[in-house]
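A.B. asks: Structure file entry26.pdb, PDB, C-alpha atoms and all ligand atoms, is pasted below:
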ATOM      1  CA  MET F   7      12.745 -13.791 -15.982
ATOM      2  CA  ASN F   8       9.661 -14.736 -18.028
ATOM      3  CA  THR F   9       6.659 -12.465 -17.607
ATOM      4  CA  PRO F  10       4.557 -14.067 -14.871
ATOM      5  CA  ARG F  11       0.815 -14.346 -15.440
ATOM      6  CA  ILE F  12      -0.857 -12.278 -12.742
ATOM      7  CA  ALA F  13      -4.440 -12.558 -11.450
ATOM      8  CA  PHE F  14      -5.860  -9.769  -9.294
ATOM      9  CA  ILE F  15      -8.653 -10.695  -6.922
ATOM     10  CA  GLY F  16     -10.455  -7.393  -6.374
ATOM     11  CA  GLY F  17     -10.181  -4.654  -8.971
ATOM     12  CA  GLY F  18     -10.446  -1.539  -6.777
ATOM     13  CA  ASN F  19      -8.121   1.421  -6.288
ATOM     14  CA  MET F  20      -4.960  -0.364  -5.232
ATOM     15  CA  ALA F  21      -5.344  -3.134  -7.826
ATOM     16  CA  ALA F  22      -5.947  -0.562 -10.573
ATOM     17  CA  SER F  23      -2.806   1.333  -9.582
ATOM     18  CA  LEU F  24      -0.733  -1.878  -9.665
ATOM     19  CA  ILE F  25      -2.227  -2.912 -13.017
ATOM     20  CA  GLY F  26      -1.567   0.587 -14.405
ATOM     21  CA  GLY F  27       2.026   0.417 -13.187
ATOM     22  CA  LEU F  28       2.608  -3.009 -14.716
ATOM     23  CA  ARG F  29       1.124  -1.950 -18.056
ATOM     24  CA  ALA F  30       3.269   1.234 -18.053
ATOM     25  CA  GLN F  31       6.328  -0.975 -17.513
ATOM     26  CA  GLY F  32       5.446  -2.920 -20.644
ATOM     27  CA  VAL F  33       3.802  -5.986 -19.082
ATOM     28  CA  PRO F  34       1.414  -7.206 -21.803
ATOM     29  CA  ALA F  35      -2.325  -7.052 -21.142
ATOM     30  CA  GLU F  36      -2.558 -10.810 -21.876
ATOM     31  CA  ALA F  37      -0.416 -11.503 -18.793
ATOM     32  CA  ILE F  38      -2.888  -9.770 -16.452
ATOM     33  CA  ARG F  39      -6.397 -10.754 -15.351
ATOM     34  CA  ALA F  40      -8.665  -9.388 -12.682
ATOM     35  CA  SER F  41     -11.872 -10.394 -10.964
ATOM     36  CA  ASP F  42     -14.354  -8.133  -9.213
ATOM     37  CA  PRO F  43     -18.085  -8.418  -8.504
ATOM     38  CA  GLY F  44     -18.613  -4.854  -9.796
ATOM     39  CA  THR F  45     -19.555  -4.747 -13.485
ATOM     40  CA  GLN F  46     -18.445  -1.125 -13.832
ATOM     41  CA  LYS F  47     -15.097  -1.873 -12.191
ATOM     42  CA  ARG F  48     -14.520  -4.740 -14.620
ATOM     43  CA  GLN F  49     -15.507  -2.663 -17.648
ATOM     44  CA  ALA F  50     -13.259   0.214 -16.544
ATOM     45  CA  LEU F  51     -10.247  -2.107 -16.110
ATOM     46  CA  THR F  52     -10.760  -3.631 -19.552
ATOM     47  CA  ALA F  53     -11.285  -0.229 -21.186
ATOM     48  CA  GLU F  54      -8.259   1.364 -19.551
ATOM     49  CA  TYR F  55      -5.734  -1.471 -19.509
ATOM     50  CA  GLY F  56      -7.039  -3.952 -22.090
ATOM     51  CA  ILE F  57      -7.022  -6.846 -19.589
ATOM     52  CA  ALA F  58      -9.477  -9.727 -19.299
ATOM     53  CA  THR F  59     -11.814  -9.473 -16.313
ATOM     54  CA  PHE F  60     -14.062 -11.962 -14.551
ATOM     55  CA  SER F  61     -16.883 -11.937 -12.037
ATOM     56  CA  ASP F  62     -15.722 -15.366 -10.843
ATOM     57  CA  ASN F  63     -12.491 -15.358  -8.787
ATOM     58  CA  ALA F  64     -11.806 -19.022  -9.601
ATOM     59  CA  GLU F  65     -11.792 -18.275 -13.332
ATOM     60  CA  ALA F  66      -9.329 -15.422 -12.863
ATOM     61  CA  VAL F  67      -6.728 -17.533 -11.012
ATOM     62  CA  ALA F  68      -6.672 -20.409 -13.491
ATOM     63  CA  GLU F  69      -3.201 -20.555 -15.089
ATOM     64  CA  ALA F  70      -1.876 -17.595 -13.053
ATOM     65  CA  ASP F  71       1.675 -17.685 -11.661
ATOM     66  CA  MET F  72       0.873 -14.978  -9.126
ATOM     67  CA  VAL F  73      -2.444 -14.273  -7.389
ATOM     68  CA  VAL F  74      -2.725 -10.779  -5.922
ATOM     69  CA  LEU F  75      -5.288 -10.530  -3.144
ATOM     70  CA  ALA F  76      -6.505  -6.918  -3.334
ATOM     71  CA  VAL F  77      -9.830  -7.051  -1.496
ATOM     72  CA  LYS F  78     -10.664  -5.298   1.771
ATOM     73  CA  PRO F  79      -9.403  -7.078   4.902
ATOM     74  CA  GLN F  80     -12.957  -7.707   6.125
ATOM     75  CA  VAL F  81     -13.838  -9.917   3.131
ATOM     76  CA  MET F  82     -10.446 -11.618   2.846
ATOM     77  CA  GLN F  83     -11.383 -14.715   4.848
ATOM     78  CA  ASP F  84     -14.419 -15.507   2.700
ATOM     79  CA  VAL F  85     -12.511 -14.788  -0.519
ATOM     80  CA  CYS F  86      -9.649 -17.104   0.511
ATOM     81  CA  ARG F  87     -11.913 -19.937   1.646
ATOM     82  CA  ASP F  88     -13.788 -19.764  -1.678
ATOM     83  CA  LEU F  89     -10.545 -19.692  -3.668
ATOM     84  CA  ALA F  90      -8.764 -22.479  -1.791
ATOM     85  CA  THR F  91      -9.801 -25.335  -4.071
ATOM     86  CA  SER F  92      -9.101 -23.348  -7.267
ATOM     87  CA  LEU F  93      -5.453 -22.555  -6.498
ATOM     88  CA  GLN F  94      -2.515 -24.545  -7.862
ATOM     89  CA  PRO F  95       0.324 -25.595  -5.497
ATOM     90  CA  GLY F  96       3.049 -23.551  -7.288
ATOM     91  CA  GLN F  97       1.183 -20.244  -7.379
ATOM     92  CA  LEU F  98       2.570 -17.267  -5.489
ATOM     93  CA  ILE F  99       0.011 -15.514  -3.277
ATOM     94  CA  VAL F 100       0.591 -11.781  -2.807
ATOM     95  CA  SER F 101      -1.603  -9.974  -0.284
ATOM     96  CA  ILE F 102      -1.772  -6.195  -0.043
ATOM     97  CA  ALA F 103      -4.430  -6.229   2.703
ATOM     98  CA  ALA F 104      -3.786  -4.336   5.925
ATOM     99  CA  GLY F 105      -3.738  -6.465   9.075
ATOM    100  CA  ILE F 106      -3.931  -9.931   7.496
ATOM    101  CA  THR F 107      -1.048 -12.210   8.465
ATOM    102  CA  CYS F 108       0.563 -14.935   6.367
ATOM    103  CA  ALA F 109      -0.644 -17.445   8.984
ATOM    104  CA  SER F 110      -4.276 -16.330   8.547
ATOM    105  CA  LEU F 111      -3.975 -16.502   4.766
ATOM    106  CA  GLN F 112      -2.440 -19.974   4.974
ATOM    107  CA  ALA F 113      -5.209 -21.145   7.341
ATOM    108  CA  TRP F 114      -7.981 -19.757   5.133
ATOM    109  CA  LEU F 115      -6.427 -21.194   1.965
ATOM    110  CA  GLY F 116      -6.215 -24.614   3.643
ATOM    111  CA  GLU F 117      -3.311 -25.880   5.754
ATOM    112  CA  GLN F 118      -1.969 -28.007   2.875
ATOM    113  CA  PRO F 119      -0.077 -27.413   0.713
ATOM    114  CA  PRO F 120       2.041 -24.751   2.445
ATOM    115  CA  ARG F 121       1.577 -21.651   0.282
ATOM    116  CA  ALA F 122       4.244 -19.271  -0.987
ATOM    117  CA  ILE F 123       2.935 -15.960   0.389
ATOM    118  CA  VAL F 124       4.254 -12.416   0.093
ATOM    119  CA  ARG F 125       2.571  -9.914   2.378
ATOM    120  CA  CYS F 126       2.885  -6.270   1.339
ATOM    121  CA  MET F 127       1.918  -2.882   2.659
ATOM    122  CA  PRO F 128       1.767  -0.346  -0.178
ATOM    123  CA  ASN F 129       0.398   3.208   0.080
ATOM    124  CA  THR F 130      -1.948   5.404  -1.940
ATOM    125  CA  PRO F 131       0.710   7.434  -3.835
ATOM    126  CA  SER F 132       1.018   4.149  -5.754
ATOM    127  CA  LEU F 133      -1.854   5.621  -7.765
ATOM    128  CA  LEU F 134       0.726   8.085  -9.186
ATOM    129  CA  ARG F 135       3.511   5.504  -9.225
ATOM    130  CA  GLN F 136       5.092   7.383  -6.331
ATOM    131  CA  GLY F 137       4.315   4.750  -3.722
ATOM    132  CA  VAL F 138       6.517   2.930  -1.271
ATOM    133  CA  SER F 139       5.862  -0.485   0.168
ATOM    134  CA  GLY F 140       7.249  -2.984   2.647
ATOM    135  CA  LEU F 141       7.265  -6.660   1.618
ATOM    136  CA  PHE F 142       7.647  -9.840   3.631
ATOM    137  CA  ALA F 143       8.072 -13.284   2.065
ATOM    138  CA  ASN F 144       7.362 -16.502   3.960
ATOM    139  CA  ALA F 145       9.723 -19.476   3.818
ATOM    140  CA  GLN F 146       7.927 -21.078   0.846
ATOM    141  CA  VAL F 147       8.673 -18.155  -1.506
ATOM    142  CA  SER F 148      11.407 -18.941  -4.075
ATOM    143  CA  ASP F 149      13.982 -16.426  -5.317
ATOM    144  CA  THR F 150      12.145 -16.145  -8.636
ATOM    145  CA  GLN F 151       8.870 -15.492  -6.826
ATOM    146  CA  ARG F 152      10.562 -12.814  -4.698
ATOM    147  CA  GLN F 153      11.685 -11.105  -7.893
ATOM    148  CA  GLN F 154       8.171 -11.372  -9.322
ATOM    149  CA  ALA F 155       6.622  -9.787  -6.216
ATOM    150  CA  GLU F 156       9.260  -7.064  -6.226
ATOM    151  CA  GLN F 157       8.576  -6.363  -9.904
ATOM    152  CA  LEU F 158       4.862  -5.976  -9.086
ATOM    153  CA  LEU F 159       5.373  -3.461  -6.277
ATOM    154  CA  SER F 160       8.268  -1.693  -8.036
ATOM    155  CA  ALA F 161       5.852  -0.876 -10.862
ATOM    156  CA  VAL F 162       4.189   1.664  -8.542
ATOM    157  CA  GLY F 163       7.156   2.922  -6.512
ATOM    158  CA  LEU F 164       9.877   1.798  -4.173
ATOM    159  CA  ALA F 165       9.682  -1.763  -2.773
ATOM    160  CA  LEU F 166      11.613  -2.584   0.403
ATOM    161  CA  TRP F 167      11.985  -6.120   1.795
ATOM    162  CA  LEU F 168      11.478  -6.845   5.492
ATOM    163  CA  GLU F 169      13.162  -9.694   7.368
ATOM    164  CA  GLU F 170      10.339 -10.103   9.902
ATOM    165  CA  GLU F 171       6.594 -10.112   9.291
ATOM    166  CA  ARG F 172       5.860  -8.194  12.499
ATOM    167  CA  LEU F 173       7.602  -5.157  10.945
ATOM    168  CA  ILE F 174       4.655  -4.795   8.564
ATOM    169  CA  ASP F 175       2.861  -3.088  11.495
ATOM    170  CA  ALA F 176       5.644  -0.496  11.617
ATOM    171  CA  VAL F 177       5.539  -0.039   7.826
ATOM    172  CA  THR F 178       1.786   0.465   8.068
ATOM    173  CA  ALA F 179       2.353   3.113  10.755
ATOM    174  CA  VAL F 180       5.061   4.965   8.811
ATOM    175  CA  SER F 181       4.158   4.739   5.126
ATOM    176  CA  GLY F 182       0.836   2.864   4.785
ATOM    177  CA  SER F 183      -1.035   5.457   6.833
ATOM    178  CA  GLY F 184       1.705   8.074   6.326
ATOM    179  CA  PRO F 185       0.147   9.994   3.410
ATOM    180  CA  ALA F 186      -2.722  10.941   5.748
ATOM    181  CA  TYR F 187      -0.300  12.534   8.245
ATOM    182  CA  TYR F 188       1.133  14.773   5.528
ATOM    183  CA  PHE F 189      -2.390  15.652   4.365
ATOM    184  CA  LEU F 190      -3.277  16.542   7.965
ATOM    185  CA  LEU F 191      -0.226  18.812   8.175
ATOM    186  CA  MET F 192      -1.197  20.354   4.832
ATOM    187  CA  GLU F 193      -4.720  21.015   6.101
ATOM    188  CA  ALA F 194      -3.348  22.682   9.243
ATOM    189  CA  MET F 195      -0.741  24.756   7.358
ATOM    190  CA  THR F 196      -3.301  25.908   4.813
ATOM    191  CA  ALA F 197      -5.707  26.959   7.578
ATOM    192  CA  ALA F 198      -2.928  28.757   9.462
ATOM    193  CA  GLY F 199      -1.823  30.532   6.261
ATOM    194  CA  GLU F 200      -5.396  31.644   5.719
ATOM    195  CA  ARG F 201      -5.590  32.974   9.279
ATOM    196  CA  LEU F 202      -2.404  34.933   8.538
ATOM    197  CA  GLY F 203      -4.307  36.709   5.747
ATOM    198  CA  LEU F 204      -3.537  34.646   2.614
ATOM    199  CA  PRO F 205      -6.364  33.746   0.224
ATOM    200  CA  ARG F 206      -7.257  30.075   0.870
ATOM    201  CA  ASP F 207      -6.182  28.915  -2.562
ATOM    202  CA  THR F 208      -2.844  30.705  -2.290
ATOM    203  CA  ALA F 209      -2.257  29.182   1.157
ATOM    204  CA  ALA F 210      -3.090  25.712  -0.235
ATOM    205  CA  GLN F 211      -0.769  26.114  -3.251
ATOM    206  CA  LEU F 212       2.086  27.381  -1.069
ATOM    207  CA  THR F 213       1.582  24.449   1.330
ATOM    208  CA  MET F 214       1.360  21.717  -1.313
ATOM    209  CA  HIS F 215       4.322  22.920  -3.348
ATOM    210  CA  THR F 216       6.423  23.325  -0.225
ATOM    211  CA  ALA F 217       5.620  19.700   0.688
ATOM    212  CA  LEU F 218       6.505  18.538  -2.822
ATOM    213  CA  GLY F 219       9.760  20.512  -2.895
ATOM    214  CA  ALA F 220      10.793  19.406   0.599
ATOM    215  CA  ALA F 221      10.026  15.744  -0.191
ATOM    216  CA  ARG F 222      12.050  15.912  -3.402
ATOM    217  CA  MET F 223      14.958  17.565  -1.606
ATOM    218  CA  ALA F 224      14.885  14.911   1.124
ATOM    219  CA  CYS F 225      14.805  12.109  -1.495
ATOM    220  CA  GLU F 226      17.364  13.539  -3.881
ATOM    221  CA  SER F 227      19.868  15.212  -1.566
ATOM    222  CA  ASP F 228      22.897  13.399  -0.185
ATOM    223  CA  VAL F 229      22.344  14.868   3.280
ATOM    224  CA  ASN F 230      19.650  13.831   5.746
ATOM    225  CA  ALA F 231      16.462  15.650   6.751
ATOM    226  CA  ALA F 232      18.019  17.045   9.936
ATOM    227  CA  GLU F 233      20.783  18.737   7.909
ATOM    228  CA  LEU F 234      18.310  20.042   5.325
ATOM    229  CA  ARG F 235      16.273  21.508   8.189
ATOM    230  CA  ARG F 236      19.390  23.080   9.688
ATOM    231  CA  ARG F 237      20.127  24.770   6.353
ATOM    232  CA  VAL F 238      16.682  26.447   6.330
ATOM    233  CA  THR F 239      16.960  27.509   9.957
ATOM    234  CA  SER F 240      18.828  30.817  10.321
ATOM    235  CA  PRO F 241      20.013  31.554  13.878
ATOM    236  CA  ASN F 242      17.337  33.544  15.665
ATOM    237  CA  GLY F 243      15.290  33.644  12.459
ATOM    238  CA  THR F 244      11.711  32.766  11.470
ATOM    239  CA  THR F 245      12.161  28.985  11.078
ATOM    240  CA  GLU F 246      13.787  28.727  14.496
ATOM    241  CA  ALA F 247      10.793  30.537  15.988
ATOM    242  CA  ALA F 248       8.404  28.061  14.355
ATOM    243  CA  ILE F 249      10.421  24.989  15.301
ATOM    244  CA  LYS F 250      10.687  26.114  18.917
ATOM    245  CA  ALA F 251       6.890  26.421  18.964
ATOM    246  CA  PHE F 252       6.535  22.887  17.510
ATOM    247  CA  GLN F 253       8.963  21.484  20.083
ATOM    248  CA  ALA F 254       7.336  23.331  22.993
ATOM    249  CA  GLY F 255       4.070  21.628  21.943
ATOM    250  CA  GLY F 256       5.691  18.192  22.141
ATOM    251  CA  PHE F 257       5.853  17.601  18.381
ATOM    252  CA  GLU F 258       8.274  14.662  18.404
ATOM    253  CA  SER F 259       6.501  12.901  21.240
ATOM    254  CA  LEU F 260       3.169  13.436  19.478
ATOM    255  CA  VAL F 261       4.499  11.869  16.259
ATOM    256  CA  ASP F 262       5.855   8.980  18.314
ATOM    257  CA  GLN F 263       2.468   8.457  19.997
ATOM    258  CA  ALA F 264       0.622   8.664  16.666
ATOM    259  CA  LEU F 265       2.818   6.080  14.947
ATOM    260  CA  ASN F 266       2.636   3.788  17.963
ATOM    261  CA  ALA F 267      -1.166   4.025  17.876
ATOM    262  CA  ALA F 268      -1.185   3.082  14.173
ATOM    263  CA  ALA F 269       1.210   0.150  14.685
ATOM    264  CA  ARG F 270      -0.831  -1.113  17.660
ATOM    265  CA  ARG F 271      -4.037  -0.868  15.631
ATOM    266  CA  SER F 272      -2.421  -2.802  12.770
ATOM    267  CA  ALA F 273      -1.459  -5.594  15.191
ATOM    268  CA  GLU F 274      -4.945  -5.535  16.777
ATOM    269  CA  LEU F 275      -6.610  -5.818  13.354
ATOM    270  CA  ALA F 276      -4.417  -8.835  12.583
ATOM    271  CA  GLU F 277      -5.602 -10.478  15.802
ATOM    272  CA  GLN F 278      -9.273  -9.613  15.338
ATOM    273  CA  LEU F 279      -9.475 -10.538  11.652
ATOM    274  CA  GLY F 280      -7.293 -13.609  12.132
ATOM    275  CA  ASP F 281      -9.364 -14.877  15.027
ATOM    276  CA  ARG F 282     -12.619 -14.828  13.087
ATOM    277  CA  GLY F 283     -13.474 -18.460  12.434
ATOM    278  CA  CYS F 284      -9.889 -19.792  12.577
TER     279      CYS F 284
HETATM  280  N1  LIG W 301      -6.178   2.493   0.688
HETATM  281  C1  LIG W 301      -4.984   2.431   1.263
HETATM  282  O1  LIG W 301      -4.370   3.420   1.725
HETATM  283  C2  LIG W 301      -4.296   1.113   1.348
HETATM  284  C3  LIG W 301      -5.007  -0.058   1.141
HETATM  285  N2  LIG W 301      -4.390  -1.247   1.274
HETATM  286  C4  LIG W 301      -5.133  -2.493   1.133
HETATM  287  O2  LIG W 301      -5.487  -2.705  -0.211
HETATM  288  C5  LIG W 301      -6.673  -3.515  -0.257
HETATM  289  C6  LIG W 301      -7.622  -2.948  -1.278
HETATM  290  O3  LIG W 301      -7.931  -1.624  -0.905
HETATM  291  P1  LIG W 301      -8.555  -0.592  -1.952
HETATM  292  O4  LIG W 301      -8.097  -0.897  -3.336
HETATM  293  O5  LIG W 301      -8.308   0.739  -1.368
HETATM  294  O6  LIG W 301     -10.103  -0.981  -1.814
HETATM  295  P2  LIG W 301     -11.260  -0.927  -2.918
HETATM  296  O7  LIG W 301     -12.543  -0.958  -2.176
HETATM  297  O8  LIG W 301     -11.024   0.190  -3.890
HETATM  298  O9  LIG W 301     -11.070  -2.304  -3.711
HETATM  299  C7  LIG W 301     -11.522  -3.547  -3.248
HETATM  300  C8  LIG W 301     -12.241  -4.230  -4.408
HETATM  301  O10 LIG W 301     -12.566  -5.551  -4.019
HETATM  302  C9  LIG W 301     -13.793  -5.902  -4.674
HETATM  303  N3  LIG W 301     -14.385  -7.058  -4.023
HETATM  304  C10 LIG W 301     -15.236  -7.085  -2.966
HETATM  305  N4  LIG W 301     -15.582  -8.361  -2.679
HETATM  306  C11 LIG W 301     -14.912  -9.146  -3.569
HETATM  307  C12 LIG W 301     -14.867 -10.537  -3.793
HETATM  308  N5  LIG W 301     -15.545 -11.397  -3.040
HETATM  309  N6  LIG W 301     -14.083 -10.999  -4.787
HETATM  310  C13 LIG W 301     -13.374 -10.148  -5.579
HETATM  311  N7  LIG W 301     -13.407  -8.817  -5.418
HETATM  312  C14 LIG W 301     -14.152  -8.320  -4.430
HETATM  313  C15 LIG W 301     -14.613  -4.634  -4.563
HETATM  314  O11 LIG W 301     -15.675  -4.617  -5.512
HETATM  315  C16 LIG W 301     -13.544  -3.556  -4.808
HETATM  316  O12 LIG W 301     -13.500  -3.184  -6.176
HETATM  317  C17 LIG W 301      -7.242  -3.546   1.165
HETATM  318  O13 LIG W 301      -7.032  -4.811   1.724
HETATM  319  C18 LIG W 301      -6.434  -2.504   1.909
HETATM  320  O14 LIG W 301      -6.178  -2.891   3.253
HETATM  321  C19 LIG W 301      -3.047  -1.335   1.508
HETATM  322  C20 LIG W 301      -2.317  -0.212   1.660
HETATM  323  C21 LIG W 301      -2.864   1.109   1.614
HETATM  324  O1  LIG W 302      -6.172   3.024   7.467
HETATM  325  C1  LIG W 302      -6.003   1.838   7.145
HETATM  326  O2  LIG W 302      -6.364   0.933   7.930
HETATM  327  C2  LIG W 302      -5.363   1.473   5.820
HETATM  328  C3  LIG W 302      -4.078   0.748   6.002
HETATM  329  C4  LIG W 302      -3.008   1.674   5.538
HETATM  330  C5  LIG W 302      -3.727   2.788   4.956
HETATM  331  N1  LIG W 302      -4.994   2.642   5.082
END
Transcribe the structure of this file into structure tokens.
Ligand SMILES: NC(=O)C1=CN([C@@H]2O[C@H](COP(=O)(O)OP(=O)(O)OC[C@H]3O[C@@H](n4cnc5c(N)ncnc54)[C@H](O)[C@@H]3O)[C@@H](O)[C@H]2O)C=CC1
Ligand SMILES: O=C(O)[C@@H]1CCC=N1
C.D. replies:
Amino acid sequence: MNTPRIAFIGGGNMAASLIGGLRAQGVPAEAIRASDPGTQKRQALTAEYGIATFSDNAEAVAEADMVVLAVKPQVMQDVCRDLATSLQPGQLIVSIAAGITCASLQAWLGEQPPRAIVRCMPNTPSLLRQGVSGLFANAQVSDTQRQQAEQLLSAVGLALWLEEERLIDAVTAVSGSGPAYYFLLMEAMTAAGERLGLPRDTAAQLTMHTALGAARMACESDVNAAELRRRVTSPNGTTEAAIKAFQAGGFESLVDQALNAAARRSAELAEQLGDRGC
């Protein structure tokens, strides 16, 4: 596969992590461009990754094979409407925005021609190339374009294809928002450790390294999380006492409610943002 020429619209955190990942994988700087209204953002991207940057989105997309829409959902409609006349028919559109459907993107980019669109939901560990993302391709996306989109997201972590676009809401609930749930648990464990008498910093280090070790075990072991948990849990021991307390407090049902709330909100955002002016 030839190296596709990639234009990023929006050069913020997620775009920078993707650009960093691509460069680390050996994608040449000449194959990547980015546009952003922020002068400092543009200068930082050029200094760090050696790529050409633009204040004008239309200039960035000229000659690109893939256009990555990496602006906030709230400005996506205006960005797409402004870009519509500058895009070429064969370009792949990749959106990483939360709550923006392929149908909204197609409508904002003009009904004709039908656009090849990949909608993705990455997450913030992409900044460390430890991300995971769900990807959905519409019917216009060719096999080569699928590979190109997968190469983009694989540069910052694991990329998993979805058969149905509606599952992006579930991906958002599990992994898009997911880092925040683990941070919340870390905050609570650190505070509880402190209340048990540990110095705050010690409690924080113990919590973070336990999370890291547990995550690595879950990823690298050939048994599932339930079995790994069983192996830590001695009969009538300390872990069993803690897990009984979690379960008595409705832990599983609470997680279920939380993820349902996130998925519902993702679907609501798609409706609200999609409705605006369409
Ligand atoms: N932060 C997160 O956890 C996740 C974010 N996302 C999505 O990634 C997208 C980008 O998010 P971040 O990188 O976190 O935001 P960010 O605020 O760091 O980056 C957005 C960039 O877009 C630029 N921008 C604003 N108006 C523009 C315009 N008209 N043309 C070109 N650039 C423009 C801004 O100057 C900014 O640099 C969002 O749509 C978000 O939903 C997806 C998954 C996870
Ligand atoms: O909270 C949000 O809406 C975005 C989407 C996934 C992570 N952050």
A.B. asks: Please determine, counting all atoms listed in the file, which residue among F:Pro131, F:Val100, F:Pro43, F:Ser110 has the shortest atom-to-atom distance to Glu156 of chain F.
C.D. replies: F:Val100
A.B. asks: Residues of chain F within 6 Å of ligand LIG 302 (chain W): nearest atom pair and distance (Å, one decimal) for each, counting all atoms listed in the file, sorted by chain and number, as JSON lines?
C.D. replies:
{"residue": "F:Ala104", "atom": "CA", "partner": "W:LIG302", "partner_atom": "C3", "distance": 5.1}
{"residue": "F:Thr178", "atom": "CA", "partner": "W:LIG302", "partner_atom": "C4", "distance": 5.6}
{"residue": "F:Gly182", "atom": "CA", "partner": "W:LIG302", "partner_atom": "C4", "distance": 4.1}
{"residue": "F:Ser183", "atom": "CA", "partner": "W:LIG302", "partner_atom": "C5", "distance": 4.2}
A.B. asks: Determine the residue membership of the PyMOL selection byres (((not hetatm)) within 7 of (chain W and resi 301)) for the file above and supply it as an MDAnalysis selection string.
C.D. replies: chainID F and resid 15:21 41:44 47 63 76:79 81 85 102:104 127:130 182:183
A.B. asks: Please compute the atom CA of Thr213 of chain F-atom CA of Thr245 of chain F distance, one decimal, in Å.
C.D. replies: 15.1 Å
A.B. asks: Can you tell me which residues surround segment 93-99 of chain F at a distance of at most 8 Å, considering all atoms listed in the file, apart from same-chain residues fewer than 6 positions away, and format the answer as a PDB file with C-alpha atoms, in the frame of the given file?
C.D. replies:
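Heads up, here's the output in out_37.pdb:
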ATOM      1  CA  ALA F  64     -11.806 -19.022  -9.601  1.00  0.00           C
ATOM      2  CA  VAL F  67      -6.728 -17.533 -11.012  1.00  0.00           C
ATOM      3  CA  ALA F  68      -6.672 -20.409 -13.491  1.00  0.00           C
ATOM      4  CA  ALA F  70      -1.876 -17.595 -13.053  1.00  0.00           C
ATOM      5  CA  ASP F  71       1.675 -17.685 -11.661  1.00  0.00           C
ATOM      6  CA  MET F  72       0.873 -14.978  -9.126  1.00  0.00           C
ATOM      7  CA  VAL F  73      -2.444 -14.273  -7.389  1.00  0.00           C
ATOM      8  CA  VAL F  74      -2.725 -10.779  -5.922  1.00  0.00           C
ATOM      9  CA  LEU F  75      -5.288 -10.530  -3.144  1.00  0.00           C
ATOM     10  CA  PRO F 119      -0.077 -27.413   0.713  1.00  0.00           C
ATOM     11  CA  ARG F 121       1.577 -21.651   0.282  1.00  0.00           C
ATOM     12  CA  ALA F 122       4.244 -19.271  -0.987  1.00  0.00           C
ATOM     13  CA  ILE F 123       2.935 -15.960   0.389  1.00  0.00           C
ATOM     14  CA  VAL F 124       4.254 -12.416   0.093  1.00  0.00           C
ATOM     15  CA  VAL F 147       8.673 -18.155  -1.506  1.00  0.00           C
ATOM     16  CA  GLN F 151       8.870 -15.492  -6.826  1.00  0.00           C
TER      17      GLN F 151
END
A.B. asks: For Leu173 of chain F, which of F:Ala268, F:Leu141, F:Cys86, F:Ala198 is the closest residue, counting all atoms listed in the file?
C.D. replies: F:Leu141
A.B. asks: Choose the residue, out of F:Pro241, F:Gly26, F:Gly105, F:Pro10, that has the smallest atom-to-atom separation from Arg271 of chain F; count all atoms listed in the file.
C.D. replies: F:Gly105
A.B. asks: I need the residue set behind the PyMOL selection byres (((chain F and resi 37) around 8) and not hetatm) for this file; please write it as an MDAnalysis selection string.
C.D. replies: chainID F and resid 9:12 33:36 38:39
A.B. asks: Could you check which residues have any atom within 8 Å of (6.6, -0.9, -11.4), counting only C-alpha atoms with coordinates taken straight from the file, and then list them as an NGL selection string?
C.D. replies: :F and (24 or 27-28 or 30-31 or 135 or 157-163)
A.B. asks: From the set F:Ala220, F:Leu279, F:Ile57, F:Leu191, which residue has the shortest atom-to-atom contact distance to Val238 of chain F, counting all atoms listed in the file?
C.D. replies: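 Looking only at the distances to Val238 of chain F, the closest residue turns out to be F:Ala220.
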A.B. asks: Which residue gives the smallest distance to Val138 of chain F among F:Gln154, F:Ser272, F:Ser181, F:Thr52, with all atoms listed in the file counted?
C.D. replies: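 Among the listed residues, the smallest separation from Val138 of chain F belongs to F:Ser181.
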A.B. asks: Using all atoms listed in the file, pick whichever of F:Phe60, F:Tyr55, F:Phe189, F:Phe142 has the shortest atom-to-atom distance to Leu168 of chain F.
C.D. replies: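 Nearest to Leu168 of chain F: F:Phe142.
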